[in-house]
Protein chains: 2
Amino acid sequence: MLTRKKSKTPILGIDLLGEDICSHEYILETLQYFYKSIDVSFDLIVFAKQNTISYLEKEVKLFTGSGGRQCALFAVNEVIRVHDDPLHAVRRKKQSSLCLGIRLLKEKKIDAFISTGNTGALITSAKMHLPMLEGLSKAALIALLPTKGGLVAVVDVGANVYCTPQQLVQFAQMGVAYQKSLGIRNPSVGLLNIGTEEKKGRKEFTEAYTLLRNFPSFVGNVEGREVFSGNVHVLVTDGFTGNIFLKTSEGMTSFILEIMSSSSKLLVKEIKKTLYPVECFGAVLCGMDGIIMKCHGNAHPKMLTYSLQRAIHLIQNSFLEKLKCNYSRG
Amino acid sequence: MLTRKKSKTPILGIDLLGEDICSHEYILETLQYFYKSIDVSFDLIVFAKQNTISYLEKEVKLFTGSGGRQCALFAVNEVIRVHDDPLHAVRRKKQSSLCLGIRLLKEKKIDAFISTGNTGALITSAKMHLPMLEGLSKAALIALLPTKGGLVAVVDVGANVYCTPQQLVQFAQMGVAYQKSLGIRNPSVGLLNIGTEEKKGRKEFTEAYTLLRNFPSFVGNVEGREVFSGNVHVLVTDGFTGNIFLKTSEGMTSFILEIMSSSSKLLVKEIKKTLYPVECFGAVLCGMDGIIMKCHGNAHPKMLTYSLQRAIHLIQNSFLEKLKCNYSRG
């Protein structure tokens, strides 16, 4: 184990054993990046399998040699895998990198633990071993997302499928504290919802709105579309919605980048052509005996043309008949 | 009113009075687009204010003169506005374009109604006047979204804040019927969820999963990230989550396009630099007395470096202390 220096050098635990296969080279490259890119001093505890440690030992000395930096390699035999059941894995694999990291954190032997491991297992293990902070009833995952106005902290992105209004308020507090730590003096808070009006959305959201009203710099409800304009520093949501929100942003981003890189011409025009259907097609109000399409207010004529064409298409292809048939067939 | 021809020419009702201000020119331009772009024959009923109608009358004759196309202008005095309370508006403004359109649909005087109006009012009015299709208990909004594999139909994107598992199954059926109408022979169905495992997510989703298992071409749960790879033709979700999903995709898209158009160099590299933080920063597991970051499995060393830096930053900026302070101050 590392000796804690009198100076306030942070000690960090690193668990890169998230994937089933984690090569020596990957760990080495990562460590090289750490030491090359980070100027402030830090000490590391790196979890790895014994054979990786043998491979790394000499290399690590090269990084740490002169600067007084400590990098301890911690041998583990067990790894919690991506598809392991979290609770089961945490109970059985007590000597895994993930569980050991949490335990070191509990014993204050490290100041932070960074893991690429099974999210569920990480949450389960943390809940099991670490006390909750006073006043907080649930843990939440916070993610940062780029917007026009800088990074927004999204809380929760997946730890809690259900949340009470009180917990949503706690998430706001977590997000504010997080953004303050990152240098935002007075972080604004928004509630991710399906409309800006106070009474919009699920009950827990309308109740949270009321509770948040007295919150410093609460700006109200924010729609998924508006988040990226960057008006809020903290976006409060439950873990189910937040997870969908985050992964959707990621998915859309990779999709756009893929379009760009596969196209040699790289024209905005092309990208717009591919992506604008998002706004073009309007939405179909489905379920009743009639074809109804909803378009954006102020929609461009071109987009309305699409909707019209689509409506015609639906009529000509007996959309309602098809819907009825689907039902009669059960 | 238009006379219904013996041929199967569709009659469509168009309500462009979604925004409070809807100029003559806007309506004219839209109609020009319609007639310029659409080859198949169709008849139109266009709702407009009396002064717009006077402006349009001559012009409309130019479009319709030779082709035997009918375009009737329907004068309305009332408009339901964007911020009107839906139920109140629908009850009070019975002569509005939105309500009249639904009524024409009910009376089979039009085959489809296309509106840029208040979504809530549109749903309310439709529910009030049109019978539900047999076997369907709730109306849903379906939107189409581009993916690598073509367009995915997302059901519901905002009509129902809460859904039962049975309704989610109905949404699957709606989406399948919709995609079939658009030419997909055997549309695959996915459930928008926070993980691919059967037991993931909210209770109504796990129950819907069980019900959907016997559904033709049900592929299971789909995460927000995977939707864009285009493996499903129909994405089933409740109206709250679906609305967030849709608007997030839209917001992300406009954001990326704005980055591109404001940059004269238009380099993928730049875009990546701005957007990759999505994957870079990992997530903070917040709420317990310890700093825990979750990174993607197999994350690039560069991204892990960001996480490490962030962890250091959090320690040095007393993140946990700030969180505690937030609480003690209430």
# chains A, B, ... in the order shown; residues from 1 in each chain; ligands from 1
call {"tool": "residues_around", "arguments": {"residues": "Glu107 of chain A", "least_positions_apart": "3", "cutoff": "12 Å", "atoms": "only C-alpha atoms", "output": "PyMOL selection string"}}
result
(chain A and resi 100-104+110-112+129-131) or (chain B and resi 289-290)
call {"tool": "residues_around", "arguments": {"residues": "Asn231 of chain B", "least_positions_apart": "4", "cutoff": "8 Å", "atoms": "only C-alpha atoms", "output": "VMD selection string"}}
result
chain B and resid 149 188 226 to 227
call {"tool": "write_last_selection", "arguments": {"atoms": "N, CA and C atoms", "output": "tab-separated table (two decimals), in the first residue's frame"}}
result
chain	number	residue	atom	x	y	z
B	149	GLY	N	-29.96	2.90	-40.19
B	149	GLY	CA	-30.71	1.89	-40.92
B	149	GLY	C	-32.04	2.41	-41.45
B	188	SER	N	-39.32	-4.54	-37.22
B	188	SER	CA	-38.84	-5.03	-35.93
B	188	SER	C	-39.17	-4.01	-34.85
B	226	GLU	N	-28.19	2.96	-28.87
B	226	GLU	CA	-28.25	1.97	-29.95
B	226	GLU	C	-29.36	2.25	-30.97
B	227	VAL	N	-30.29	3.09	-30.58
B	227	VAL	CA	-31.41	3.37	-31.48
B	227	VAL	C	-30.90	3.80	-32.86
call {"tool": "select_by_dssp", "arguments": {"residues": "segment 34-65 of chain A", "states": "strand (DSSP E or B)", "output": "PyMOL selection string"}}
result
chain A and resi 43-48
call {"tool": "write_last_selection", "arguments": {"atoms": "C-alpha atoms", "output": "CSV table (one decimal), in the first residue's frame"}}
result
chain,number,residue,atom,x,y,z
A,43,ASP,CA,-0.3,9.0,-6.4
A,44,LEU,CA,-1.8,6.0,-7.9
A,45,ILE,CA,-3.0,2.5,-6.9
A,46,VAL,CA,-3.5,0.5,-10.0
A,47,PHE,CA,-5.4,-2.8,-9.8
A,48,ALA,CA,-4.2,-5.4,-12.2
call {"tool": "select_by_dssp", "arguments": {"residues": "segment 48-190 of chain A", "states": "alpha helix (DSSP H)", "output": "NGL selection string"}}
result
:A and (50-64 or 86-92 or 97-106 or 119-129 or 165-181)
call {"tool": "residues_around", "arguments": {"residues": "Ala126 of chain B", "least_positions_apart": "3", "cutoff": "12 Å", "atoms": "only C-alpha atoms", "output": "NGL selection string"}}
result
(:A and (285-294)) or (:B and (86-87 or 90 or 98-106 or 113 or 115 or 119-123 or 129-132 or 138-140 or 159))
call {"tool": "residues_around", "arguments": {"residues": "Tyr55 of chain B", "least_positions_apart": "5", "cutoff": "10 Å", "atoms": "only C-alpha atoms", "output": "PDB file with C-alpha atoms, in the first residue's frame"}}
result
ATOM      1  CA  HIS B  24     -50.536  35.454 -45.628  1.00  0.00           C
ATOM      2  CA  GLU B  25     -47.186  34.902 -47.275  1.00  0.00           C
ATOM      3  CA  LEU B  28     -49.171  31.033 -49.727  1.00  0.00           C
ATOM      4  CA  GLN B  50     -60.901  35.997 -43.655  1.00  0.00           C
ATOM      5  CA  VAL B  60     -55.075  29.573 -55.345  1.00  0.00           C
TER       6      VAL B  60
END
call {"tool": "residues_around", "arguments": {"residues": "Val236 of chain A", "least_positions_apart": "6", "cutoff": "10 Å", "atoms": "only C-alpha atoms", "output": "NGL selection string"}}
result
:A and (142 or 153-157 or 167-175 or 189-193 or 205 or 208 or 221-222 or 242)
call {"tool": "atom_distance", "arguments": {"atom1": "atom CA of Met128 of chain A", "atom2": "atom CA of His88 of chain A"}}
result
12.6 Å
call {"tool": "residues_around", "arguments": {"residues": "Gln32 of chain A", "least_positions_apart": "2", "cutoff": "12 Å", "atoms": "only C-alpha atoms", "output": "JSON, numbers by chain"}}
result
{"A": [25, 26, 27, 28, 29, 30, 34, 35, 36, 37, 38, 56, 59, 60, 61, 62, 63, 64, 71], "B": [301, 302, 304, 305]}
